[in-house]
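Here is the file start24.csv (CSV, C-alpha atoms).
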chain,number,residue,atom,x,y,z
R,317,MET,CA,1.3,48.7,45.6
R,318,GLN,CA,-1.4,48.7,48.2
R,319,SER,CA,-4.5,50.4,46.9
R,320,ALA,CA,-6.6,53.0,48.8
R,321,LEU,CA,-10.3,53.4,47.9
R,322,THR,CA,-11.8,56.9,47.7
R,323,LEU,CA,-15.5,57.5,47.1
R,324,ILE,CA,-16.4,60.8,45.4
R,325,TRP,CA,-19.9,62.3,45.1
R,326,ASN,CA,-21.7,65.7,45.0
R,327,ASP,CA,-23.8,66.7,48.0
R,328,ALA,CA,-27.2,68.4,47.9
R,329,ALA,CA,-25.5,71.7,47.3
R,330,GLY,CA,-23.6,70.4,44.3
R,331,LYS,CA,-20.3,70.5,46.2
R,332,GLN,CA,-17.9,67.6,45.6
R,333,GLN,CA,-17.2,65.4,48.6
R,334,GLU,CA,-14.5,62.8,49.0
R,335,LEU,CA,-14.1,60.0,51.5
R,336,ILE,CA,-11.2,57.6,51.9
R,337,VAL,CA,-12.4,54.1,52.9
R,338,GLU,CA,-9.8,52.6,55.2
R,339,SER,CA,-11.8,49.7,56.7
R,340,SER,CA,-12.0,46.2,55.2
R,341,ARG,CA,-15.8,46.3,55.4
R,342,PHE,CA,-17.7,49.5,54.6
R,343,THR,CA,-21.5,49.7,54.7
R,344,ILE,CA,-23.7,52.2,52.7
R,345,GLY,CA,-27.3,53.0,53.2
R,346,ARG,CA,-30.0,55.2,54.7
R,347,GLY,CA,-29.8,53.8,58.2
R,348,GLU,CA,-27.8,55.7,60.8
R,349,ASP,CA,-25.7,52.6,61.6
R,350,ASN,CA,-23.9,52.6,58.2
R,351,ASP,CA,-20.4,53.8,57.6
R,352,LEU,CA,-21.7,56.1,54.9
R,353,VAL,CA,-25.2,57.4,55.6
R,354,ILE,CA,-27.1,58.8,52.5
R,355,ALA,CA,-30.4,60.4,53.4
R,356,ASP,CA,-32.2,59.4,50.3
R,357,ALA,CA,-35.6,57.7,50.3
R,358,GLY,CA,-34.5,55.7,47.2
R,359,LEU,CA,-31.9,53.8,49.3
R,360,SER,CA,-32.6,51.0,51.7
R,361,ARG,CA,-31.5,51.1,55.3
R,362,ARG,CA,-28.6,48.8,54.5
R,363,HIS,CA,-28.2,49.2,50.8
R,364,ALA,CA,-24.7,47.9,49.9
R,365,VAL,CA,-21.4,46.7,51.3
R,366,ILE,CA,-17.9,47.4,50.0
R,367,GLU,CA,-15.2,44.9,51.1
R,368,SER,CA,-11.4,44.8,50.6
R,369,TYR,CA,-9.3,41.7,50.7
R,370,ASP,CA,-6.0,40.5,49.3
R,371,GLY,CA,-5.6,43.7,47.3
R,372,LEU,CA,-9.0,43.5,45.7
R,373,VAL,CA,-12.1,45.7,46.3
R,374,GLN,CA,-15.6,44.5,45.7
R,375,ILE,CA,-19.2,45.7,46.2
R,376,SER,CA,-22.3,43.7,47.0
R,377,ASP,CA,-25.9,44.7,47.1
R,378,SER,CA,-27.6,44.0,50.4
R,379,ASP,CA,-30.9,42.9,48.9
R,380,SER,CA,-31.9,46.6,48.5
R,381,ARG,CA,-35.3,47.6,47.0
R,382,ASN,CA,-33.9,49.6,44.1
R,383,GLY,CA,-30.6,47.8,43.4
R,384,THR,CA,-27.0,48.8,43.1
R,385,PHE,CA,-25.3,49.4,39.7
R,386,VAL,CA,-21.7,49.6,38.6
R,387,ASN,CA,-21.2,51.4,35.3
R,388,GLY,CA,-24.9,50.9,34.6
R,389,VAL,CA,-24.9,47.2,35.2
R,390,ARG,CA,-26.9,45.9,38.1
R,391,VAL,CA,-24.8,44.2,40.8
R,392,SER,CA,-25.6,40.5,41.2
R,393,GLY,CA,-23.4,38.9,43.9
R,394,ALA,CA,-19.9,40.4,44.5
R,395,THR,CA,-18.6,42.8,41.7
R,396,LEU,CA,-15.0,43.9,41.6
R,397,LEU,CA,-14.4,47.7,41.6
R,398,ARG,CA,-11.8,49.4,39.5
R,399,ASP,CA,-10.5,53.0,39.2
R,400,GLY,CA,-13.0,55.2,37.5
R,401,ASP,CA,-16.1,53.0,38.1
R,402,LEU,CA,-19.4,54.7,38.7
R,403,ILE,CA,-21.6,53.3,41.4
R,404,THR,CA,-25.3,54.1,41.3
R,405,PHE,CA,-27.8,53.4,44.1
R,406,GLY,CA,-31.4,53.1,42.9
R,407,SER,CA,-31.8,55.8,40.3
R,408,SER,CA,-30.4,58.9,41.9
R,409,GLN,CA,-27.3,58.7,44.1
R,410,GLU,CA,-23.9,58.3,42.3
R,411,LEU,CA,-20.5,57.6,43.7
R,412,ARG,CA,-17.3,57.7,41.6
R,413,VAL,CA,-14.5,55.2,42.6
R,414,ARG,CA,-10.9,56.2,42.8
R,415,LEU,CA,-8.3,53.5,43.6
R,416,ALA,CA,-4.8,55.0,44.2
R,417,GLY,CA,-1.6,54.4,46.2
R,418,ALA,CA,-1.8,54.2,49.9
R,419,ASN,CA,0.3,57.4,50.1
R,420,GLU,CA,-2.5,59.5,48.9
R,421,LYS,CA,-3.7,62.3,51.2
R,422,ARG,CA,-6.1,61.0,53.8
R,423,ILE,CA,-9.5,62.8,54.1
R,424,ALA,CA,-11.5,62.6,57.3
R,425,PRO,CA,-14.5,60.4,57.0
R,426,VAL,CA,-17.9,62.2,56.7
R,427,SER,CA,-19.6,59.6,58.9
R,428,PRO,CA,-19.2,60.0,62.7
R,429,GLU,CA,-19.6,56.3,63.2
R,430,PRO,CA,-16.3,54.3,63.3
R,431,SER,CA,-15.8,51.5,60.8
R,432,ARG,CA,-15.7,48.9,63.6
R,433,PRO,CA,-17.7,50.4,66.5
R,434,VAL,CA,-17.1,49.1,70.0
R,435,SER,CA,-20.2,47.4,71.5
R,436,ARG,CA,-22.1,49.8,73.9
R,437,ALA,CA,-22.6,46.8,76.2
R,438,GLN,CA,-18.8,46.8,77.0
R,439,PRO,CA,-17.9,49.1,80.0
R,440,ARG,CA,-15.3,51.7,79.3
R,441,GLN,CA,-12.0,51.1,81.1
R,442,SER,CA,-11.3,53.5,83.9
R,443,ALA,CA,-8.3,55.8,83.7
R,444,HIS,CA,-7.6,55.3,87.5
R,445,LEU,CA,-4.9,52.8,88.5
R,446,ASN,CA,-6.1,49.8,90.5
R,447,PRO,CA,-3.9,48.3,93.3
R,448,PRO,CA,-2.3,45.4,91.3
R,449,LEU,CA,-1.4,47.9,88.6
R,450,MET,CA,0.2,50.3,91.2
R,451,ALA,CA,2.2,47.4,92.5
R,452,GLY,CA,3.4,46.6,89.0
R,453,VAL,CA,4.4,50.2,88.5
R,454,SER,CA,6.3,50.3,91.7
R,455,LEU,CA,8.2,47.2,90.8
R,456,PHE,CA,9.0,48.7,87.4
R,457,VAL,CA,10.4,51.9,89.0
R,458,LEU,CA,12.6,49.8,91.3
R,459,ILE,CA,14.0,47.7,88.4
R,460,ALA,CA,14.6,50.9,86.3
R,461,GLY,CA,16.5,52.5,89.2
R,462,SER,CA,18.7,49.5,89.6
R,463,ILE,CA,19.5,49.5,85.9
R,464,ALA,CA,20.3,53.2,85.9
R,465,ALA,CA,22.7,52.7,88.9
R,466,TYR,CA,24.4,49.8,87.1
R,467,LEU,CA,24.9,52.0,84.0
R,468,LEU,CA,26.4,54.8,86.0
R,469,ILE,CA,28.9,52.5,87.7
R,470,GLY,CA,29.8,50.9,84.4
R,471,ARG,CA,30.4,54.4,82.9
R,472,HIS,CA,32.6,55.3,85.8
R,473,ASN,CA,34.7,52.1,85.4
R,474,THR,CA,35.3,52.9,81.7
R,475,GLN,CA,37.0,56.2,82.5
R,476,PRO,CA,40.8,56.3,81.8
R,477,HIS,CA,43.1,55.0,84.6
R,478,ASN,CA,46.8,55.9,84.9
R,479,GLY,CA,46.8,57.7,81.6
R,480,GLU,CA,45.4,54.7,79.7
R,481,VAL,CA,43.2,55.5,76.8
R,482,PRO,CA,40.0,53.4,76.6
R,483,VAL,CA,39.7,51.5,73.3
R,484,THR,CA,36.3,51.7,71.6
R,485,PRO,CA,35.4,48.5,69.8
R,486,PRO,CA,34.7,49.0,66.1
R,487,ALA,CA,31.0,49.4,65.1
R,488,THR,CA,29.5,46.4,63.4
R,489,VAL,CA,28.2,47.3,60.0
R,490,THR,CA,25.3,45.2,58.8
R,491,GLU,CA,24.9,45.0,55.0
R,492,THR,CA,21.4,45.0,53.6
R,493,ALA,CA,21.1,42.3,51.0
R,494,SER,CA,19.4,43.4,47.7
R,495,PRO,CA,16.5,41.3,46.5
R,496,SER,CA,17.6,38.3,44.5
R,497,PRO,CA,16.6,38.1,40.8
R,498,GLY,CA,14.2,35.3,41.7
R,499,ALA,CA,12.4,37.4,44.3
R,500,VAL,CA,12.0,40.3,41.8
R,501,GLU,CA,10.6,37.8,39.2
R,502,ASP,CA,8.1,36.4,41.7
R,503,ARG,CA,6.8,39.9,42.6
R,504,GLU,CA,6.5,40.8,38.9
R,505,LEU,CA,4.5,37.6,38.2
R,506,GLU,CA,2.3,38.2,41.2
R,507,LEU,CA,1.5,41.7,40.0
R,508,ILE,CA,0.6,40.4,36.5
R,509,ARG,CA,-1.5,37.6,38.0
R,510,ARG,CA,-3.5,40.1,40.1
R,511,GLU,CA,-4.0,42.7,37.4
R,512,ALA,CA,-4.8,40.1,34.7
R,513,ARG,CA,-7.4,38.6,37.0
R,514,LEU,CA,-9.0,41.9,37.6
R,515,MET,CA,-9.0,42.6,33.8
R,516,LEU,CA,-10.8,39.4,33.1
R,517,GLY,CA,-13.4,40.3,35.7
R,518,ARG,CA,-13.9,43.6,33.8
R,519,VAL,CA,-14.3,42.2,30.3
R,520,SER,CA,-16.4,39.2,31.3
R,521,ASP,CA,-19.3,38.5,33.6
R,522,ASP,CA,-17.1,36.2,35.7
R,523,GLN,CA,-16.1,37.6,39.0
R,524,ASN,CA,-14.3,34.5,40.3
R,525,PRO,CA,-10.5,34.7,40.6
R,526,TYR,CA,-9.1,33.3,37.4
R,527,ILE,CA,-6.4,30.6,37.6
R,528,PHE,CA,-3.6,31.0,35.0
R,529,PRO,CA,-1.3,28.2,34.0
R,530,PRO,CA,2.3,29.1,35.0
R,531,GLN,CA,3.5,29.1,31.4
R,532,ALA,CA,0.6,31.4,30.4
R,533,LEU,CA,1.7,33.9,33.0
R,534,ARG,CA,5.3,33.8,31.8
R,535,ASP,CA,4.1,34.3,28.2
R,536,ILE,CA,2.1,37.3,29.3
R,537,GLN,CA,5.1,38.6,31.3
R,538,GLN,CA,7.3,38.4,28.2
R,539,ARG,CA,4.8,40.3,26.1
R,540,ILE,CA,4.4,43.0,28.8
R,541,ARG,CA,8.2,43.5,28.9
R,542,GLU,CA,8.2,44.0,25.1
R,543,TYR,CA,5.7,46.8,25.4
R,544,GLN,CA,7.5,48.3,28.3
R,545,ARG,CA,10.6,48.8,26.0
R,546,GLU,CA,8.5,51.3,23.9
R,547,PRO,CA,6.3,52.9,26.5
R,548,GLU,CA,5.5,56.1,24.6
R,549,THR,CA,3.8,54.3,21.7
R,550,LEU,CA,1.4,52.5,24.0
R,551,ALA,CA,1.0,55.5,26.3
R,552,ALA,CA,-0.1,57.7,23.3
R,553,ALA,CA,-2.6,55.1,22.2
R,554,LEU,CA,-4.1,54.8,25.7
R,555,ARG,CA,-4.4,58.6,26.0
R,556,ASP,CA,-6.1,58.9,22.6
R,557,LEU,CA,-8.5,56.0,23.2
R,558,LYS,CA,-9.4,57.4,26.7
R,559,THR,CA,-10.3,60.9,25.3
R,560,GLN,CA,-11.6,60.0,21.8
R,561,GLY,CA,-13.2,56.7,22.6
R,562,ALA,CA,-15.5,57.7,25.5
R,563,ALA,CA,-18.5,58.3,23.3
R,564,PHE,CA,-18.0,55.0,21.4
R,565,ALA,CA,-17.7,53.2,24.8
R,566,THR,CA,-21.1,54.6,25.7
R,567,GLN,CA,-22.5,53.3,22.4
R,568,ILE,CA,-21.1,49.9,23.0
R,569,ARG,CA,-22.7,49.7,26.4
R,570,GLN,CA,-26.1,50.9,25.2
R,571,ASN,CA,-26.3,48.7,22.1
R,572,SER,CA,-24.8,45.4,23.3
R,573,ARG,CA,-23.9,43.2,26.3
R,574,LEU,CA,-20.2,43.6,25.5
R,575,ALA,CA,-17.9,45.4,27.9
R,576,PRO,CA,-16.3,48.4,26.2
R,577,GLU,CA,-13.0,47.4,27.6
R,578,LEU,CA,-13.2,44.1,25.7
R,579,VAL,CA,-13.5,45.9,22.4
R,580,PHE,CA,-10.7,48.3,23.1
R,581,TYR,CA,-8.3,45.7,24.4
R,582,VAL,CA,-8.9,43.6,21.3
R,583,ALA,CA,-8.2,46.6,19.2
R,584,LEU,CA,-5.0,47.2,21.0
R,585,ALA,CA,-4.0,43.6,20.4
R,586,GLU,CA,-4.9,43.9,16.7
R,587,THR,CA,-2.7,47.1,16.4
R,588,ASP,CA,0.1,45.5,18.5
R,589,GLY,CA,0.0,48.1,21.2
R,590,GLY,CA,-1.5,51.0,19.4
R,591,ARG,CA,0.4,51.2,16.1
R,592,GLY,CA,-1.8,52.7,13.5
R,593,ASN,CA,-5.3,53.8,14.4
R,594,PRO,CA,-6.6,51.8,17.4
R,595,LEU,CA,-9.9,53.7,17.6
R,596,ALA,CA,-10.7,52.7,14.0
R,597,ALA,CA,-9.6,49.2,14.9
R,598,ALA,CA,-12.0,49.2,17.8
R,599,ARG,CA,-14.9,50.2,15.6
R,600,ARG,CA,-14.2,47.4,13.2
R,601,ALA,CA,-13.7,44.9,16.1
R,602,PHE,CA,-17.0,45.7,17.7
R,603,ASP,CA,-19.0,44.4,14.7
R,604,ARG,CA,-17.2,41.0,14.7
R,605,LEU,CA,-17.2,40.7,18.5
R,606,PHE,CA,-20.9,41.5,18.6
R,607,PHE,CA,-21.5,38.7,16.1
R,608,LEU,CA,-19.3,36.2,17.9
R,609,TYR,CA,-20.9,37.0,21.3
R,610,ALA,CA,-24.0,35.1,20.2
R,611,THR,CA,-21.9,32.0,19.7
R,612,PHE,CA,-19.5,32.0,22.6
R,613,GLY,CA,-20.8,34.6,25.2
R,614,THR,CA,-18.8,36.2,27.9
R,615,ASP,CA,-20.5,34.8,31.0
R,616,LEU,CA,-17.2,33.0,32.0
R,617,ALA,CA,-13.6,34.2,31.7
R,618,ASN,CA,-12.7,31.1,29.7
R,619,LYS,CA,-15.5,31.8,27.2
R,620,THR,CA,-14.3,35.3,26.8
R,621,LEU,CA,-10.8,34.2,26.0
R,622,ILE,CA,-12.2,31.7,23.5
R,623,LEU,CA,-14.2,34.5,21.9
R,624,VAL,CA,-10.9,36.5,21.5
R,625,ALA,CA,-9.3,33.4,19.9
R,626,ALA,CA,-12.3,33.0,17.6
R,627,TYR,CA,-12.0,36.7,16.6
R,628,GLN,CA,-8.5,36.0,15.4
R,629,ILE,CA,-9.4,32.8,13.5
R,630,SER,CA,-12.4,33.8,11.5
R,631,PRO,CA,-15.7,35.7,11.8
R,632,GLY,CA,-17.6,32.5,11.2
R,633,THR,CA,-21.2,32.3,10.2
R,634,GLU,CA,-24.5,33.0,12.0
R,635,LYS,CA,-24.8,29.4,13.2
R,636,THR,CA,-21.3,28.1,13.5
R,637,HIS,CA,-17.6,28.9,13.9
R,638,PRO,CA,-14.5,26.8,13.0
R,639,LEU,CA,-13.5,26.7,16.6
R,640,GLN,CA,-16.6,25.1,17.9
R,641,PRO,CA,-15.9,21.5,16.7
R,642,LYS,CA,-12.4,21.8,18.0
R,643,LEU,CA,-13.7,22.7,21.4
R,644,GLN,CA,-16.1,19.7,21.4
R,645,THR,CA,-13.1,17.3,21.1
R,646,LEU,CA,-12.0,18.4,24.6
R,647,PRO,CA,-13.6,17.5,28.0
R,648,LEU,CA,-15.9,20.2,29.3
R,649,ASN,CA,-13.4,21.2,32.1
R,650,GLU,CA,-10.6,21.6,29.5
R,651,GLN,CA,-12.5,23.8,27.1
R,652,ASN,CA,-10.2,26.8,27.3
R,653,VAL,CA,-7.5,28.5,25.2
R,654,TRP,CA,-4.7,26.8,27.2
R,655,SER,CA,-5.9,23.3,26.4
R,656,LEU,CA,-6.6,24.3,22.8
R,657,GLN,CA,-3.0,25.4,22.5
R,658,ALA,CA,-1.5,22.4,24.3
R,659,ASN,CA,-3.5,20.0,22.1
R,660,ARG,CA,-2.7,22.0,18.9
R,661,ARG,CA,-6.3,22.9,18.2
R,662,ILE,CA,-5.2,26.5,17.6
R,663,ASP,CA,-2.1,27.7,15.9
R,664,GLU,CA,0.7,29.9,17.4
R,665,ARG,CA,-0.7,33.0,15.7
R,666,THR,CA,-4.0,32.7,17.5
R,667,TYR,CA,-2.4,31.8,20.8
R,668,ASP,CA,-0.1,34.8,20.5
R,669,PHE,CA,-3.1,37.1,19.8
R,670,VAL,CA,-4.8,35.9,23.0
R,671,VAL,CA,-1.5,36.6,24.9
R,672,ARG,CA,-1.2,40.0,23.4
R,673,PHE,CA,-4.8,40.7,24.4
R,674,LEU,CA,-4.1,39.7,28.0
R,675,ALA,CA,-0.8,41.6,28.2
R,676,LEU,CA,-2.2,44.8,26.7
R,677,GLY,CA,-5.5,44.7,28.7
R,678,THR,CA,-3.5,44.1,31.9
R,679,ILE,CA,-1.4,47.2,31.2
R,680,ALA,CA,-4.3,49.3,29.9
R,681,GLN,CA,-6.4,49.0,33.1
R,682,SER,CA,-3.4,49.9,35.4
R,683,PRO,CA,-0.7,51.5,33.2
R,684,GLU,CA,1.3,53.2,36.0
R,685,GLU,CA,1.8,49.8,37.7
R,686,PHE,CA,3.8,48.9,34.6
R,687,GLY,CA,5.7,52.2,34.1
R,688,ILE,CA,3.4,53.5,31.4
R,689,LYS,CA,2.4,57.2,31.9
R,690,ALA,CA,-1.2,57.2,30.7
R,691,PRO,CA,-4.7,57.1,32.2
R,692,ALA,CA,-6.3,53.8,32.9
R,693,LEU,CA,-8.4,52.7,29.8
R,694,VAL,CA,-11.6,51.9,31.7
R,695,PHE,CA,-15.1,53.2,31.1

Same coordinates, now as structure tokens:
Amino acid sequence: MQSALTLIWNDAAGKQQELIVESSRFTIGRGEDNDLVIADAGLSRRHAVIESYDGLVQISDSDSRNGTFVNGVRVSGATLLRDGDLITFGSSQELRVRLAGANEKRIAPVSPEPSRPVSRAQPRQSAHLNPPLMAGVSLFVLIAGSIAAYLLIGRHNTQPHNGEVPVTPPATVTETASPSPGAVEDRELELIRREARLMLGRVSDDQNPYIFPPQALRDIQQRIREYQREPETLAAALRDLKTQGAAFATQIRQNSRLAPELVFYVALAETDGGRGNPLAAARRAFDRLFFLYATFGTDLANKTLILVAAYQISPGTEKTHPLQPKLQTLPLNEQNVWSLQANRRIDERTYDFVVRFLALGTIAQSPEEFGIKAPALVF
């Protein structure tokens, strides 16, 4: 489903304003030439740019003086935006992000400037017809008159003669072919690939599109289908974590460099989709993940998945973890969970935990895309 970006903020009078962003490149700043003009001295003339491509939406800071922040984290380079994100410019102006279906109600932009203004140097085309155009119109009228006369004559010739009844040829019925199972499978895998990439961008500091091995995507797909068979269990867990876990998510962000979503998605994997008490599992998971972060980090998506695998294997010690020597047996460009699994450096239980984490995190950030009626578990 194509996404539409809506920006939401409160104006000086405290009234909520909303703006649908329909252009692929949308500029924000204090200068009058921006798509969204914010008259705040804390903003630079060209403060930030939001760009949409291939179903993704990202924001970049335009070397502003006071910076751009997403959920309290300063933007460095391009940062993917997700539904519910909070964008802060400098220390004052805040915009809430809403990403929804393209059939949402369109709201007129607040900025009078078009997203792609026409250069003022270009002369406007006159509404008057020039001679060549008039000649073309005349020729068109002549041809149209000839066609009309031909149709009238043809109609006259088709009238009954000598009591004969004209025979109307049968209408041709064109059957619309339903999508093949292979096409449906491809669309499902593409949705999973897209959402799983976005999820990894959320739980790690890596904003590069992640490349999944084909078998990994199929394993994630199989797990997602299993959770879709019992949608209410997962939906209830997502609703509870969203409402009851907001304060804990704030604590995670204030006291660590871990993304709150990483902690909650690991808790979902540990409770196999929310069976039991996922919030209590998240509190337990935080302590271990905080400890493992010092060893593995989350600056890259591959490191984040290795951290998840390490969480399942053992808490380790302050200086080492059983997974580290196994990683060192692989070339640097193959140090990822997929190579660890292919080379039997991790067992099936650990691999399955990573797949569960990816499947549940993918669903949790966009549940309605997978038929789960629950709010997105993002903070």

So what do you get for CA of Ala597 in chain R versus CA of Gly388 in chain R, distance-wise?
25.0 Å

What gap, in Å, lies between CA of Asp399 in chain R and CA of Phe612 in chain R?
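CA of Phe612 in chain R lies at a distance of 28.2 Å from CA of Asp399 in chain R.
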
Test item: residues at most 7 Å from range 673-687 of chain R, all atoms listed in the file, excluding those fewer than 4 positions along its chain, as a PDB file with C-alpha atoms, keeping the file's coordinate frame:
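That gives us out-v8.pdb:
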ATOM      1  CA  GLU R 511      -4.000  42.700  37.400  1.00  0.00           C
ATOM      2  CA  ALA R 512      -4.800  40.100  34.700  1.00  0.00           C
ATOM      3  CA  MET R 515      -9.000  42.600  33.800  1.00  0.00           C
ATOM      4  CA  ILE R 536       2.100  37.300  29.300  1.00  0.00           C
ATOM      5  CA  ARG R 539       4.800  40.300  26.100  1.00  0.00           C
ATOM      6  CA  ILE R 540       4.400  43.000  28.800  1.00  0.00           C
ATOM      7  CA  LEU R 554      -4.100  54.800  25.700  1.00  0.00           C
ATOM      8  CA  TYR R 581      -8.300  45.700  24.400  1.00  0.00           C
ATOM      9  CA  VAL R 582      -8.900  43.600  21.300  1.00  0.00           C
ATOM     10  CA  LEU R 584      -5.000  47.200  21.000  1.00  0.00           C
ATOM     11  CA  ALA R 585      -4.000  43.600  20.400  1.00  0.00           C
ATOM     12  CA  GLY R 589       0.000  48.100  21.200  1.00  0.00           C
ATOM     13  CA  PHE R 669      -3.100  37.100  19.800  1.00  0.00           C
ATOM     14  CA  PRO R 691      -4.700  57.100  32.200  1.00  0.00           C
ATOM     15  CA  ALA R 692      -6.300  53.800  32.900  1.00  0.00           C
ATOM     16  CA  LEU R 693      -8.400  52.700  29.800  1.00  0.00           C
ATOM     17  CA  VAL R 694     -11.600  51.900  31.700  1.00  0.00           C
TER      18      VAL R 694
END

Residue nearest Pro530 in chain R - candidates R:Ile508, R:Val413, R:Ala596, R:Ile662, atoms counted: all atoms listed in the file:
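Residue with the minimum atom-to-atom distance to Pro530 in chain R: R:Ile508.
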
Please, which residues in range 333-366 of chain R fall within 8 Å of range 377-384 of chain R when counting only C-alpha atoms, and what is the closest atom pair and distance in Å to one decimal for each, ordered by chain then residue number, as CSV?
residue,atom,partner,partner_atom,distance
R:Gly358,CA,R:Asn382,CA,6.9
R:Leu359,CA,R:Asn382,CA,7.0
R:Ser360,CA,R:Ser380,CA,5.5
R:Arg362,CA,R:Ser378,CA,6.4
R:His363,CA,R:Ser380,CA,5.1
R:Ala364,CA,R:Asp377,CA,4.4
R:Val365,CA,R:Asp377,CA,6.5

Write out the residues from the selection above, keeping C-alpha atoms, as a PDB file, in the frame of the given file.
ATOM      1  CA  GLY R 358     -34.500  55.700  47.200  1.00  0.00           C
ATOM      2  CA  LEU R 359     -31.900  53.800  49.300  1.00  0.00           C
ATOM      3  CA  SER R 360     -32.600  51.000  51.700  1.00  0.00           C
ATOM      4  CA  ARG R 362     -28.600  48.800  54.500  1.00  0.00           C
ATOM      5  CA  HIS R 363     -28.200  49.200  50.800  1.00  0.00           C
ATOM      6  CA  ALA R 364     -24.700  47.900  49.900  1.00  0.00           C
ATOM      7  CA  VAL R 365     -21.400  46.700  51.300  1.00  0.00           C
TER       8      VAL R 365
END

Could you name the residues that touch range 569-575 of chain R at 9 Å or less, counting all atoms listed in the file, but leaving out those on the same chain fewer than 2 positions away, as a ChimeraX atom specification?
/R:388,518-520,564-567,577-579,602,605-606,609,614,695

Using only C-alpha atoms, please write the residues we just selected to a file, as a compact mmCIF listing (two decimals), in the frame of the given file.
# COMPACT_ATOMS: atom_id res chain seq x y z
CA GLY R 388 -24.90 50.90 34.60
CA ARG R 518 -13.90 43.60 33.80
CA VAL R 519 -14.30 42.20 30.30
CA SER R 520 -16.40 39.20 31.30
CA PHE R 564 -18.00 55.00 21.40
CA ALA R 565 -17.70 53.20 24.80
CA THR R 566 -21.10 54.60 25.70
CA GLN R 567 -22.50 53.30 22.40
CA GLU R 577 -13.00 47.40 27.60
CA LEU R 578 -13.20 44.10 25.70
CA VAL R 579 -13.50 45.90 22.40
CA PHE R 602 -17.00 45.70 17.70
CA LEU R 605 -17.20 40.70 18.50
CA PHE R 606 -20.90 41.50 18.60
CA TYR R 609 -20.90 37.00 21.30
CA THR R 614 -18.80 36.20 27.90
CA PHE R 695 -15.10 53.20 31.10

When you look at Ile629 in chain R with a cut-off of 10 Å (counting all atoms listed in the file), what residues show up, excluding the ones that are within fewer than 4 positions of it in the same chain? I need them as an MDAnalysis selection string.
chainID R and resid 623:625 637:639 662:663 665:666 669

Quick one: pull the distance between CA of Ser368 in chain R and CA of Trp325 in chain R, Å, one decimal.
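Distance between the two atoms: 20.2 Å.
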
Spatial neighbours of Leu616 in chain R, 10 Å, all atoms listed in the file, chain gap at least 4 places, as a ChimeraX atom specification
/R:516-517,519-524,526,612,620-622

Take the point (-30.1, 58.8, 51.7) as written in the file and pick out every residue within 12 Å of it, counting all atoms listed in the file; give the list as JSON, numbers by chain.
{"R": [327, 328, 344, 345, 346, 347, 348, 350, 352, 353, 354, 355, 356, 357, 358, 359, 360, 361, 362, 363, 405, 406, 407, 408, 409, 410]}

For Asn649 in chain R, which residue out of R:Arg513, R:Lys619, R:Leu557, R:Asp668 is the nearest one, using all atoms listed in the file?
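Checking each of R:Arg513, R:Lys619, R:Leu557, R:Asp668 against Asn649 in chain R, counting all atoms listed in the file, the winner is R:Lys619.
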